[in-house]
Amino acid sequence: MWALAIGIRLWLRVDQGGRHSTRAGAIIATITAVAPEAARLGPVRQTYAGTETFPPVARAYTEVSQVVRETGLLARAQWFYALVGAALVLALGGAITGFILLGDTWYQLLIAAALGVIFTQVSFLAHEAAHRQILASGPANDRLGRILASGIVGISLSWWNNKHNRHHANPNRVGKDPDIEVDTIRFLEEDAAKASRLGALITRRQGWLFFPLLTLEGLNLHFLGLKHLLSPGEVKGRWTELSLIALRFALYLTPLFLFLPIGMAFAFLGVQLAVFGVYMGASFAPNHKGMPIIAADAKLDFFSKQVRTSRNIRGGWWATALMGGLNYQVEHHLFPSMARPHLAKTREIVMEQCRTRGVPYTETSLIQSYGIVIAYLNRVGLSARDPFDCPMVNKFRTA
């Protein structure tokens, strides 16, 4: 009875998360819930969404893509990206000017925060270039993306492409989506149950710790990119990216430590990285976290796989500007090379197809999405054993 009661409460909680949540989606989102006493009750047996849960929808993607193509929504929007690029150049120039004019003062931390925002917006453009959304040819997009990612932001485009392309191919699929693999945060109950005693201190409260931990994500992105570029084996664009990153850090760090006291310089760098990490994480986290987890052997059609695992954020133009188009995550996953300005119109076409086909289309507010993410991570974290539990006491308690 206790398991049924917990399942019902979680079902009702998740069902309020999305405007178009369905009973099937809610069941899958909550069926994996584990009670706080799970570590005392034996191994976690997690259930994932599979072929029977999400039966294939024949020709759904073919029909949508045909309408989108005929409507001209796959065309490039180079003028839009030129304007966005010009705005970012002006913003970066303003930040540099502000840095020079302010001099030795703690108001420099405002410039640091502004740079964190600017670098995140540049990262959105690099992400779009990596998806071939901006320029006409693939090589031209790759060159642009490399300049933006490595030369301005300081992270490896090659590493990002390798990781992000695998995510797009199999979002939320166990064993195939790198975005749900074990990290400081654990996204699956099975992984949470395997956390060490020290790791369990974080895992059991990881929902509440999620945003504080994002302050370290900026540093983590730089580290993972360099680790990838310095790894053995073939790495596309290795020396170009290493050269761009080295040049970028030289141009960035030299004036920072030359014109500011060392303590202020480190504070400047810390604030910039923290804002960058939180902004990046807060933009990408709402897209899939808390949506159904797909079994490794499930056979799903492309339309169902992409729509059922993605979540859109309401808000229109301001959400698009804030999140770089990631607010239209469903449409982005269906048409990854689509230019940002066309995603809003495509949303209407996809929503109509979902209504016709009976496929749930999930869309929430930004604040609501954060609540769902925090609740999901906390629920997963319950599977981690309590680091203060005594194994001997638990043994006799369950005997």
# chains A, B, ... in the order shown; residues from 1 in each chain; ligands from 1
$ residues_around --residues "Ala126 (chain A)" --least-positions-apart "5" --cutoff "6 Å" --atoms "only C-alpha atoms" --output "list in words"
Gly145, Leu148 and Ala149 of chain A
$ write_last_selection --atoms "all heavy atoms" --output "PDB file, in the first residue's frame"
ATOM      1  N   GLY A 145      31.639  28.046 -36.039  1.00  0.00           N
ATOM      2  CA  GLY A 145      31.416  27.470 -34.711  1.00  0.00           C
ATOM      3  C   GLY A 145      32.704  27.330 -33.924  1.00  0.00           C
ATOM      4  O   GLY A 145      32.740  27.582 -32.709  1.00  0.00           O
ATOM      5  N   LEU A 148      33.761  30.794 -32.678  1.00  0.00           N
ATOM      6  CA  LEU A 148      32.899  31.239 -31.584  1.00  0.00           C
ATOM      7  C   LEU A 148      33.160  30.459 -30.303  1.00  0.00           C
ATOM      8  O   LEU A 148      33.319  31.047 -29.222  1.00  0.00           O
ATOM      9  CB  LEU A 148      31.431  31.103 -31.989  1.00  0.00           C
ATOM     10  CG  LEU A 148      30.943  31.998 -33.129  1.00  0.00           C
ATOM     11  CD1 LEU A 148      29.534  31.609 -33.550  1.00  0.00           C
ATOM     12  CD2 LEU A 148      30.984  33.470 -32.724  1.00  0.00           C
ATOM     13  N   ALA A 149      33.197  29.126 -30.417  1.00  0.00           N
ATOM     14  CA  ALA A 149      33.327  28.278 -29.232  1.00  0.00           C
ATOM     15  C   ALA A 149      34.732  28.347 -28.632  1.00  0.00           C
ATOM     16  O   ALA A 149      34.899  28.622 -27.440  1.00  0.00           O
ATOM     17  CB  ALA A 149      32.969  26.840 -29.569  1.00  0.00           C
TER      18      ALA A 149
END
$ residues_around --residues "region 246-262 of chain A" --least-positions-apart "2" --cutoff "12 Å" --atoms "only C-alpha atoms" --output "ChimeraX atom specification"
/A:96,99-109,111-112,115,147-156,222,226,239-244,264-269,272
$ closest_residue --among "A:Gly98, A:Leu214, A:Arg205, A:His127" --to "Asn165 (chain A)" --atoms "only C-alpha atoms"
A:His127
$ closest_residue --among "A:Ile293, A:Ala113, A:Leu300, A:Ile349" --to "Phe187 (chain A)" --atoms "only C-alpha atoms"
A:Ile293
$ residues_around --residues "Gln329 (chain A)" --least-positions-apart "2" --cutoff "7 Å" --atoms "only C-alpha atoms" --output "compact mmCIF listing (two decimals) with N, CA, C and O atoms, in the first residue's frame"
# COMPACT_ATOMS: atom_id res chain seq x y z
N ASN A 287 15.18 21.22 -20.78
CA ASN A 287 14.81 20.62 -22.06
C ASN A 287 14.40 19.15 -21.97
O ASN A 287 13.51 18.70 -22.69
N SER A 310 11.20 15.56 -24.97
CA SER A 310 11.58 16.97 -24.97
C SER A 310 10.49 17.85 -24.35
O SER A 310 9.31 17.52 -24.41
N ARG A 311 10.90 18.97 -23.79
CA ARG A 311 9.97 19.89 -23.15
C ARG A 311 10.22 21.31 -23.67
O ARG A 311 11.36 21.79 -23.69
N ASN A 312 9.16 21.97 -24.11
CA ASN A 312 9.26 23.36 -24.54
C ASN A 312 9.02 24.32 -23.38
O ASN A 312 8.38 23.95 -22.38
N LEU A 326 16.51 27.54 -27.47
CA LEU A 326 16.38 26.25 -26.79
C LEU A 326 15.01 26.08 -26.15
O LEU A 326 14.66 24.97 -25.74
N ASN A 327 14.25 27.16 -26.05
CA ASN A 327 12.89 27.06 -25.52
C ASN A 327 11.98 26.26 -26.45
O ASN A 327 10.98 25.71 -26.02
N GLU A 331 10.87 21.23 -31.37
CA GLU A 331 11.11 21.54 -32.78
C GLU A 331 12.60 21.47 -33.13
O GLU A 331 12.97 21.03 -34.21
N HIS A 332 13.44 21.87 -32.20
CA HIS A 332 14.88 21.80 -32.44
C HIS A 332 15.33 20.36 -32.61
O HIS A 332 16.19 20.06 -33.44
N HIS A 333 14.75 19.45 -31.84
CA HIS A 333 15.14 18.05 -31.97
C HIS A 333 14.58 17.41 -33.24
O HIS A 333 15.20 16.51 -33.80
$ closest_residue --among "A:Ala114, A:Val67, A:Leu83, A:Gly218" --to "Glu352 (chain A)" --atoms "only C-alpha atoms"
A:Val67
$ atom_distance --atom1 "CA of Val350 (chain A)" --atom2 "CA of Phe124 (chain A)"
23.1 Å
$ residues_around --residues "His168 (chain A)" --least-positions-apart "4" --cutoff "10 Å" --atoms "only C-alpha atoms" --output "list of chain:residue names"
A:Lys163, A:His164, A:Asn172, A:Asp177, A:Pro178, A:Asp179, A:Gln306, A:His332, A:His333, A:Leu334, A:Pro336
$ write_last_selection --atoms "all heavy atoms" --output "CSV table (one decimal), in the first residue's frame"
chain,number,residue,atom,x,y,z
A,163,LYS,N,29.7,15.0,-28.1
A,163,LYS,CA,28.7,14.7,-27.0
A,163,LYS,C,27.3,15.1,-27.4
A,163,LYS,O,26.4,14.3,-27.2
A,163,LYS,CB,29.1,15.5,-25.8
A,163,LYS,CG,28.2,15.5,-24.6
A,163,LYS,CD,28.7,16.3,-23.5
A,163,LYS,CE,27.8,16.3,-22.3
A,163,LYS,NZ,26.5,17.1,-22.6
A,164,HIS,N,27.1,16.2,-28.0
A,164,HIS,CA,25.8,16.7,-28.3
A,164,HIS,C,25.1,15.9,-29.5
A,164,HIS,O,23.9,15.7,-29.4
A,164,HIS,CB,25.9,18.2,-28.7
A,164,HIS,CG,24.6,18.9,-28.6
A,164,HIS,ND1,23.8,19.0,-27.5
A,164,HIS,CD2,23.9,19.6,-29.6
A,164,HIS,CE1,22.7,19.7,-27.7
A,164,HIS,NE2,22.7,20.0,-29.0
A,172,ASN,N,17.6,11.0,-23.8
A,172,ASN,CA,17.1,10.3,-22.6
A,172,ASN,C,17.1,8.8,-22.7
A,172,ASN,O,16.3,8.1,-22.0
A,172,ASN,CB,15.7,10.8,-22.2
A,172,ASN,CG,15.7,12.0,-21.4
A,172,ASN,OD1,16.7,12.7,-21.2
A,172,ASN,ND2,14.6,12.4,-20.8
A,177,ASP,N,22.6,8.2,-24.3
A,177,ASP,CA,22.6,9.7,-24.2
A,177,ASP,C,23.6,10.1,-23.1
A,177,ASP,O,23.4,9.8,-21.9
A,177,ASP,CB,21.2,10.1,-23.7
A,177,ASP,CG,21.1,11.7,-23.7
A,177,ASP,OD1,22.1,12.3,-23.9
A,177,ASP,OD2,20.0,12.2,-23.4
A,178,PRO,N,24.7,10.8,-23.5
A,178,PRO,CA,25.7,11.2,-22.6
A,178,PRO,C,25.2,12.2,-21.5
A,178,PRO,O,25.8,12.3,-20.5
A,178,PRO,CB,26.8,11.8,-23.5
A,178,PRO,CG,26.1,12.2,-24.7
A,178,PRO,CD,25.0,11.2,-24.9
A,179,ASP,N,24.1,12.8,-21.8
A,179,ASP,CA,23.6,13.8,-20.9
A,179,ASP,C,22.9,13.3,-19.6
A,179,ASP,O,22.6,14.0,-18.7
A,179,ASP,CB,22.6,14.7,-21.6
A,179,ASP,CG,23.2,15.7,-22.5
A,179,ASP,OD1,24.5,15.7,-22.6
A,179,ASP,OD2,22.5,16.5,-23.2
A,306,GLN,N,11.7,11.9,-30.3
A,306,GLN,CA,12.1,13.3,-30.1
A,306,GLN,C,11.1,14.1,-29.3
A,306,GLN,O,11.4,14.9,-28.4
A,306,GLN,CB,12.4,13.9,-31.4
A,306,GLN,CG,13.5,13.2,-32.2
A,306,GLN,CD,14.9,13.2,-31.5
A,306,GLN,OE1,15.1,13.9,-30.6
A,306,GLN,NE2,15.8,12.4,-32.0
A,332,HIS,N,13.4,21.9,-32.2
A,332,HIS,CA,14.9,21.8,-32.4
A,332,HIS,C,15.3,20.4,-32.6
A,332,HIS,O,16.2,20.1,-33.4
A,332,HIS,CB,15.6,22.5,-31.3
A,332,HIS,CG,17.1,22.3,-31.3
A,332,HIS,ND1,17.9,22.7,-32.4
A,332,HIS,CD2,18.0,21.7,-30.5
A,332,HIS,CE1,19.1,22.4,-32.2
A,332,HIS,NE2,19.2,21.8,-31.1
A,333,HIS,N,14.8,19.4,-31.8
A,333,HIS,CA,15.1,18.0,-32.0
A,333,HIS,C,14.6,17.4,-33.2
A,333,HIS,O,15.2,16.5,-33.8
A,333,HIS,CB,14.7,17.3,-30.7
A,333,HIS,CG,15.8,17.1,-29.7
A,333,HIS,ND1,16.5,16.0,-29.5
A,333,HIS,CD2,16.3,18.0,-28.8
A,333,HIS,CE1,17.4,16.2,-28.6
A,333,HIS,NE2,17.3,17.4,-28.1
A,334,LEU,N,13.4,17.9,-33.7
A,334,LEU,CA,12.9,17.3,-34.9
A,334,LEU,C,13.6,17.9,-36.1
A,334,LEU,O,13.8,17.2,-37.1
A,334,LEU,CB,11.4,17.7,-35.0
A,334,LEU,CG,10.4,16.9,-34.0
A,334,LEU,CD1,9.0,17.5,-34.1
A,334,LEU,CD2,10.4,15.4,-34.4
A,336,PRO,N,17.0,19.8,-36.3
A,336,PRO,CA,18.1,20.4,-35.7
A,336,PRO,C,18.9,21.5,-36.5
A,336,PRO,O,19.6,22.3,-36.0
A,336,PRO,CB,19.1,19.2,-35.4
A,336,PRO,CG,18.6,18.1,-36.3
A,336,PRO,CD,17.1,18.4,-36.5
$ residues_around --residues "Ile118 (chain A)" --least-positions-apart "6" --cutoff "9 Å" --atoms "only C-alpha atoms" --output "list of chain:residue names"
A:Leu88, A:Ala91, A:Leu92, A:Phe276
$ closest_residue --among "A:Tyr61, A:Trp208, A:Phe54, A:Tyr370" --to "Gly290 (chain A)" --atoms "only C-alpha atoms"
A:Tyr370
$ atom_distance --atom1 "CA of Gln206 (chain A)" --atom2 "CA of Arg186 (chain A)"
8.0 Å
$ residues_around --residues "Val380 (chain A)" --least-positions-apart "3" --cutoff "9 Å" --atoms "only C-alpha atoms" --output "PDB file with C-alpha atoms, in the first residue's frame"
ATOM      1  CA  THR A  32      10.824   4.727 -11.444  1.00  0.00           C
ATOM      2  CA  ALA A  33      10.326   6.485  -8.100  1.00  0.00           C
ATOM      3  CA  VAL A  34      12.010   4.767  -5.177  1.00  0.00           C
ATOM      4  CA  ARG A 186      22.934  11.381 -11.110  1.00  0.00           C
ATOM      5  CA  PHE A 187      19.910  11.227 -13.387  1.00  0.00           C
ATOM      6  CA  LEU A 188      18.903   7.569 -12.979  1.00  0.00           C
ATOM      7  CA  GLU A 189      17.821   5.734  -9.822  1.00  0.00           C
ATOM      8  CA  GLU A 190      20.163   2.842 -10.599  1.00  0.00           C
ATOM      9  CA  ASP A 191      23.119   5.213 -10.743  1.00  0.00           C
ATOM     10  CA  ALA A 192      22.028   7.002  -7.579  1.00  0.00           C
ATOM     11  CA  ALA A 193      21.819   3.687  -5.714  1.00  0.00           C
ATOM     12  CA  THR A 203      23.041  12.737  -4.457  1.00  0.00           C
ATOM     13  CA  ARG A 204      20.309  12.558  -1.805  1.00  0.00           C
ATOM     14  CA  GLN A 206      20.978  16.882  -5.585  1.00  0.00           C
ATOM     15  CA  GLY A 207      17.765  18.629  -6.610  1.00  0.00           C
ATOM     16  CA  ALA A 375      11.648  17.506  -7.932  1.00  0.00           C
ATOM     17  CA  TYR A 376      12.879  14.879 -10.411  1.00  0.00           C
ATOM     18  CA  LEU A 377      16.493  15.073  -9.241  1.00  0.00           C
ATOM     19  CA  SER A 383      17.750   5.922  -4.248  1.00  0.00           C
ATOM     20  CA  ALA A 384      21.162   6.812  -2.828  1.00  0.00           C
TER      21      ALA A 384
END
$ decode --residues "region 286-335 of chain A" --atoms "N, CA and C atoms" --output "PDB file, in the first residue's frame"
ATOM      1  N   PRO A 286      16.123  22.550 -18.534  1.00  0.00           N
ATOM      2  CA  PRO A 286      14.671  22.323 -18.657  1.00  0.00           C
ATOM      3  C   PRO A 286      14.275  21.466 -19.849  1.00  0.00           C
ATOM      4  N   ASN A 287      15.182  21.222 -20.783  1.00  0.00           N
ATOM      5  CA  ASN A 287      14.808  20.617 -22.059  1.00  0.00           C
ATOM      6  C   ASN A 287      14.397  19.152 -21.971  1.00  0.00           C
ATOM      7  N   HIS A 288      15.041  18.370 -21.096  1.00  0.00           N
ATOM      8  CA  HIS A 288      14.786  16.929 -21.065  1.00  0.00           C
ATOM      9  C   HIS A 288      14.694  16.346 -19.660  1.00  0.00           C
ATOM     10  N   LYS A 289      15.235  17.020 -18.662  1.00  0.00           N
ATOM     11  CA  LYS A 289      15.254  16.456 -17.312  1.00  0.00           C
ATOM     12  C   LYS A 289      13.832  16.356 -16.766  1.00  0.00           C
ATOM     13  N   GLY A 290      13.501  15.179 -16.260  1.00  0.00           N
ATOM     14  CA  GLY A 290      12.160  14.933 -15.762  1.00  0.00           C
ATOM     15  C   GLY A 290      11.209  14.399 -16.809  1.00  0.00           C
ATOM     16  N   MET A 291      11.674  14.287 -18.053  1.00  0.00           N
ATOM     17  CA  MET A 291      10.866  13.673 -19.108  1.00  0.00           C
ATOM     18  C   MET A 291      11.135  12.166 -19.114  1.00  0.00           C
ATOM     19  N   PRO A 292      10.310  11.368 -19.816  1.00  0.00           N
ATOM     20  CA  PRO A 292      10.474   9.916 -19.790  1.00  0.00           C
ATOM     21  C   PRO A 292      11.884   9.458 -20.151  1.00  0.00           C
ATOM     22  N   ILE A 293      12.340   8.429 -19.437  1.00  0.00           N
ATOM     23  CA  ILE A 293      13.624   7.791 -19.723  1.00  0.00           C
ATOM     24  C   ILE A 293      13.349   6.555 -20.583  1.00  0.00           C
ATOM     25  N   ILE A 294      14.079   6.437 -21.694  1.00  0.00           N
ATOM     26  CA  ILE A 294      13.811   5.379 -22.674  1.00  0.00           C
ATOM     27  C   ILE A 294      14.759   4.206 -22.458  1.00  0.00           C
ATOM     28  N   ALA A 295      14.208   2.996 -22.495  1.00  0.00           N
ATOM     29  CA  ALA A 295      15.021   1.786 -22.353  1.00  0.00           C
ATOM     30  C   ALA A 295      16.021   1.674 -23.498  1.00  0.00           C
ATOM     31  N   ALA A 296      17.157   1.050 -23.213  1.00  0.00           N
ATOM     32  CA  ALA A 296      18.227   0.951 -24.206  1.00  0.00           C
ATOM     33  C   ALA A 296      17.795   0.169 -25.441  1.00  0.00           C
ATOM     34  N   ASP A 297      16.923  -0.828 -25.278  1.00  0.00           N
ATOM     35  CA  ASP A 297      16.534  -1.684 -26.400  1.00  0.00           C
ATOM     36  C   ASP A 297      15.182  -1.300 -27.014  1.00  0.00           C
ATOM     37  N   ALA A 298      14.620  -0.158 -26.627  1.00  0.00           N
ATOM     38  CA  ALA A 298      13.316   0.258 -27.156  1.00  0.00           C
ATOM     39  C   ALA A 298      13.419   0.628 -28.630  1.00  0.00           C
ATOM     40  N   LYS A 299      12.381   0.291 -29.382  1.00  0.00           N
ATOM     41  CA  LYS A 299      12.321   0.627 -30.811  1.00  0.00           C
ATOM     42  C   LYS A 299      11.221   1.673 -31.000  1.00  0.00           C
ATOM     43  N   LEU A 300      11.649   2.925 -31.119  1.00  0.00           N
ATOM     44  CA  LEU A 300      10.712   4.031 -31.254  1.00  0.00           C
ATOM     45  C   LEU A 300      10.925   4.736 -32.581  1.00  0.00           C
ATOM     46  N   ASP A 301       9.837   5.232 -33.162  1.00  0.00           N
ATOM     47  CA  ASP A 301       9.985   6.023 -34.380  1.00  0.00           C
ATOM     48  C   ASP A 301      10.586   7.380 -34.024  1.00  0.00           C
ATOM     49  N   PHE A 302      11.180   8.045 -35.003  1.00  0.00           N
ATOM     50  CA  PHE A 302      11.909   9.290 -34.773  1.00  0.00           C
ATOM     51  C   PHE A 302      11.016  10.360 -34.156  1.00  0.00           C
ATOM     52  N   PHE A 303       9.801  10.505 -34.646  1.00  0.00           N
ATOM     53  CA  PHE A 303       8.892  11.540 -34.163  1.00  0.00           C
ATOM     54  C   PHE A 303       8.575  11.331 -32.684  1.00  0.00           C
ATOM     55  N   SER A 304       8.172  10.128 -32.311  1.00  0.00           N
ATOM     56  CA  SER A 304       7.826   9.843 -30.912  1.00  0.00           C
ATOM     57  C   SER A 304       9.029  10.016 -30.000  1.00  0.00           C
ATOM     58  N   LYS A 305      10.182   9.515 -30.437  1.00  0.00           N
ATOM     59  CA  LYS A 305      11.386   9.579 -29.614  1.00  0.00           C
ATOM     60  C   LYS A 305      11.767  11.013 -29.279  1.00  0.00           C
ATOM     61  N   GLN A 306      11.681  11.890 -30.274  1.00  0.00           N
ATOM     62  CA  GLN A 306      12.114  13.269 -30.060  1.00  0.00           C
ATOM     63  C   GLN A 306      11.067  14.088 -29.305  1.00  0.00           C
ATOM     64  N   VAL A 307       9.788  13.891 -29.631  1.00  0.00           N
ATOM     65  CA  VAL A 307       8.734  14.703 -29.008  1.00  0.00           C
ATOM     66  C   VAL A 307       8.498  14.298 -27.559  1.00  0.00           C
ATOM     67  N   ARG A 308       8.446  13.001 -27.291  1.00  0.00           N
ATOM     68  CA  ARG A 308       8.096  12.523 -25.954  1.00  0.00           C
ATOM     69  C   ARG A 308       9.189  12.769 -24.914  1.00  0.00           C
ATOM     70  N   THR A 309      10.409  12.986 -25.346  1.00  0.00           N
ATOM     71  CA  THR A 309      11.503  13.192 -24.396  1.00  0.00           C
ATOM     72  C   THR A 309      11.888  14.660 -24.251  1.00  0.00           C
ATOM     73  N   SER A 310      11.203  15.560 -24.973  1.00  0.00           N
ATOM     74  CA  SER A 310      11.576  16.973 -24.970  1.00  0.00           C
ATOM     75  C   SER A 310      10.485  17.845 -24.349  1.00  0.00           C
ATOM     76  N   ARG A 311      10.904  18.966 -23.794  1.00  0.00           N
ATOM     77  CA  ARG A 311       9.973  19.889 -23.147  1.00  0.00           C
ATOM     78  C   ARG A 311      10.223  21.310 -23.673  1.00  0.00           C
ATOM     79  N   ASN A 312       9.163  21.970 -24.108  1.00  0.00           N
ATOM     80  CA  ASN A 312       9.261  23.361 -24.544  1.00  0.00           C
ATOM     81  C   ASN A 312       9.017  24.316 -23.377  1.00  0.00           C
ATOM     82  N   ILE A 313       9.497  25.543 -23.537  1.00  0.00           N
ATOM     83  CA  ILE A 313       9.288  26.583 -22.533  1.00  0.00           C
ATOM     84  C   ILE A 313       8.440  27.693 -23.148  1.00  0.00           C
ATOM     85  N   ARG A 314       7.330  28.024 -22.488  1.00  0.00           N
ATOM     86  CA  ARG A 314       6.474  29.094 -22.977  1.00  0.00           C
ATOM     87  C   ARG A 314       7.146  30.449 -22.801  1.00  0.00           C
ATOM     88  N   GLY A 315       6.697  31.438 -23.570  1.00  0.00           N
ATOM     89  CA  GLY A 315       7.211  32.793 -23.392  1.00  0.00           C
ATOM     90  C   GLY A 315       7.404  33.559 -24.675  1.00  0.00           C
ATOM     91  N   GLY A 316       7.455  32.860 -25.822  1.00  0.00           N
ATOM     92  CA  GLY A 316       7.585  33.569 -27.083  1.00  0.00           C
ATOM     93  C   GLY A 316       8.945  34.210 -27.272  1.00  0.00           C
ATOM     94  N   TRP A 317       8.952  35.463 -27.766  1.00  0.00           N
ATOM     95  CA  TRP A 317      10.194  36.105 -28.195  1.00  0.00           C
ATOM     96  C   TRP A 317      11.193  36.287 -27.065  1.00  0.00           C
ATOM     97  N   TRP A 318      10.713  36.618 -25.847  1.00  0.00           N
ATOM     98  CA  TRP A 318      11.662  36.856 -24.759  1.00  0.00           C
ATOM     99  C   TRP A 318      12.339  35.559 -24.337  1.00  0.00           C
ATOM    100  N   ALA A 319      11.591  34.460 -24.339  1.00  0.00           N
ATOM    101  CA  ALA A 319      12.192  33.173 -23.997  1.00  0.00           C
ATOM    102  C   ALA A 319      13.199  32.747 -25.074  1.00  0.00           C
ATOM    103  N   THR A 320      12.883  33.058 -26.337  1.00  0.00           N
ATOM    104  CA  THR A 320      13.796  32.744 -27.427  1.00  0.00           C
ATOM    105  C   THR A 320      15.092  33.537 -27.299  1.00  0.00           C
ATOM    106  N   ALA A 321      14.978  34.824 -26.963  1.00  0.00           N
ATOM    107  CA  ALA A 321      16.173  35.651 -26.782  1.00  0.00           C
ATOM    108  C   ALA A 321      16.970  35.202 -25.567  1.00  0.00           C
ATOM    109  N   LEU A 322      16.291  34.859 -24.490  1.00  0.00           N
ATOM    110  CA  LEU A 322      16.958  34.449 -23.253  1.00  0.00           C
ATOM    111  C   LEU A 322      17.674  33.109 -23.415  1.00  0.00           C
ATOM    112  N   MET A 323      17.049  32.155 -24.128  1.00  0.00           N
ATOM    113  CA  MET A 323      17.568  30.792 -24.195  1.00  0.00           C
ATOM    114  C   MET A 323      18.155  30.433 -25.552  1.00  0.00           C
ATOM    115  N   GLY A 324      18.289  31.401 -26.433  1.00  0.00           N
ATOM    116  CA  GLY A 324      18.922  31.132 -27.714  1.00  0.00           C
ATOM    117  C   GLY A 324      18.175  30.133 -28.578  1.00  0.00           C
ATOM    118  N   GLY A 325      16.840  30.090 -28.448  1.00  0.00           N
ATOM    119  CA  GLY A 325      16.033  29.155 -29.234  1.00  0.00           C
ATOM    120  C   GLY A 325      15.849  27.797 -28.593  1.00  0.00           C
ATOM    121  N   LEU A 326      16.513  27.538 -27.472  1.00  0.00           N
ATOM    122  CA  LEU A 326      16.384  26.248 -26.793  1.00  0.00           C
ATOM    123  C   LEU A 326      15.014  26.078 -26.153  1.00  0.00           C
ATOM    124  N   ASN A 327      14.254  27.160 -26.047  1.00  0.00           N
ATOM    125  CA  ASN A 327      12.894  27.061 -25.518  1.00  0.00           C
ATOM    126  C   ASN A 327      11.983  26.260 -26.446  1.00  0.00           C
ATOM    127  N   TYR A 328      12.340  26.174 -27.739  1.00  0.00           N
ATOM    128  CA  TYR A 328      11.604  25.329 -28.695  1.00  0.00           C
ATOM    129  C   TYR A 328      12.357  24.010 -28.868  1.00  0.00           C
ATOM    130  N   GLN A 329      12.505  23.285 -27.768  1.00  0.00           N
ATOM    131  CA  GLN A 329      13.323  22.084 -27.780  1.00  0.00           C
ATOM    132  C   GLN A 329      12.723  20.972 -28.631  1.00  0.00           C
ATOM    133  N   VAL A 330      11.409  20.839 -28.624  1.00  0.00           N
ATOM    134  CA  VAL A 330      10.754  19.807 -29.432  1.00  0.00           C
ATOM    135  C   VAL A 330      11.077  20.026 -30.906  1.00  0.00           C
ATOM    136  N   GLU A 331      10.868  21.229 -31.370  1.00  0.00           N
ATOM    137  CA  GLU A 331      11.107  21.544 -32.778  1.00  0.00           C
ATOM    138  C   GLU A 331      12.599  21.466 -33.129  1.00  0.00           C
ATOM    139  N   HIS A 332      13.438  21.872 -32.195  1.00  0.00           N
ATOM    140  CA  HIS A 332      14.878  21.803 -32.439  1.00  0.00           C
ATOM    141  C   HIS A 332      15.328  20.359 -32.609  1.00  0.00           C
ATOM    142  N   HIS A 333      14.753  19.447 -31.844  1.00  0.00           N
ATOM    143  CA  HIS A 333      15.139  18.047 -31.973  1.00  0.00           C
ATOM    144  C   HIS A 333      14.577  17.410 -33.241  1.00  0.00           C
ATOM    145  N   LEU A 334      13.423  17.863 -33.668  1.00  0.00           N
ATOM    146  CA  LEU A 334      12.865  17.337 -34.917  1.00  0.00           C
ATOM    147  C   LEU A 334      13.600  17.892 -36.129  1.00  0.00           C
ATOM    148  N   PHE A 335      14.003  19.167 -36.057  1.00  0.00           N
ATOM    149  CA  PHE A 335      14.676  19.838 -37.175  1.00  0.00           C
ATOM    150  C   PHE A 335      15.917  20.561 -36.649  1.00  0.00           C
TER     151      PHE A 335
END
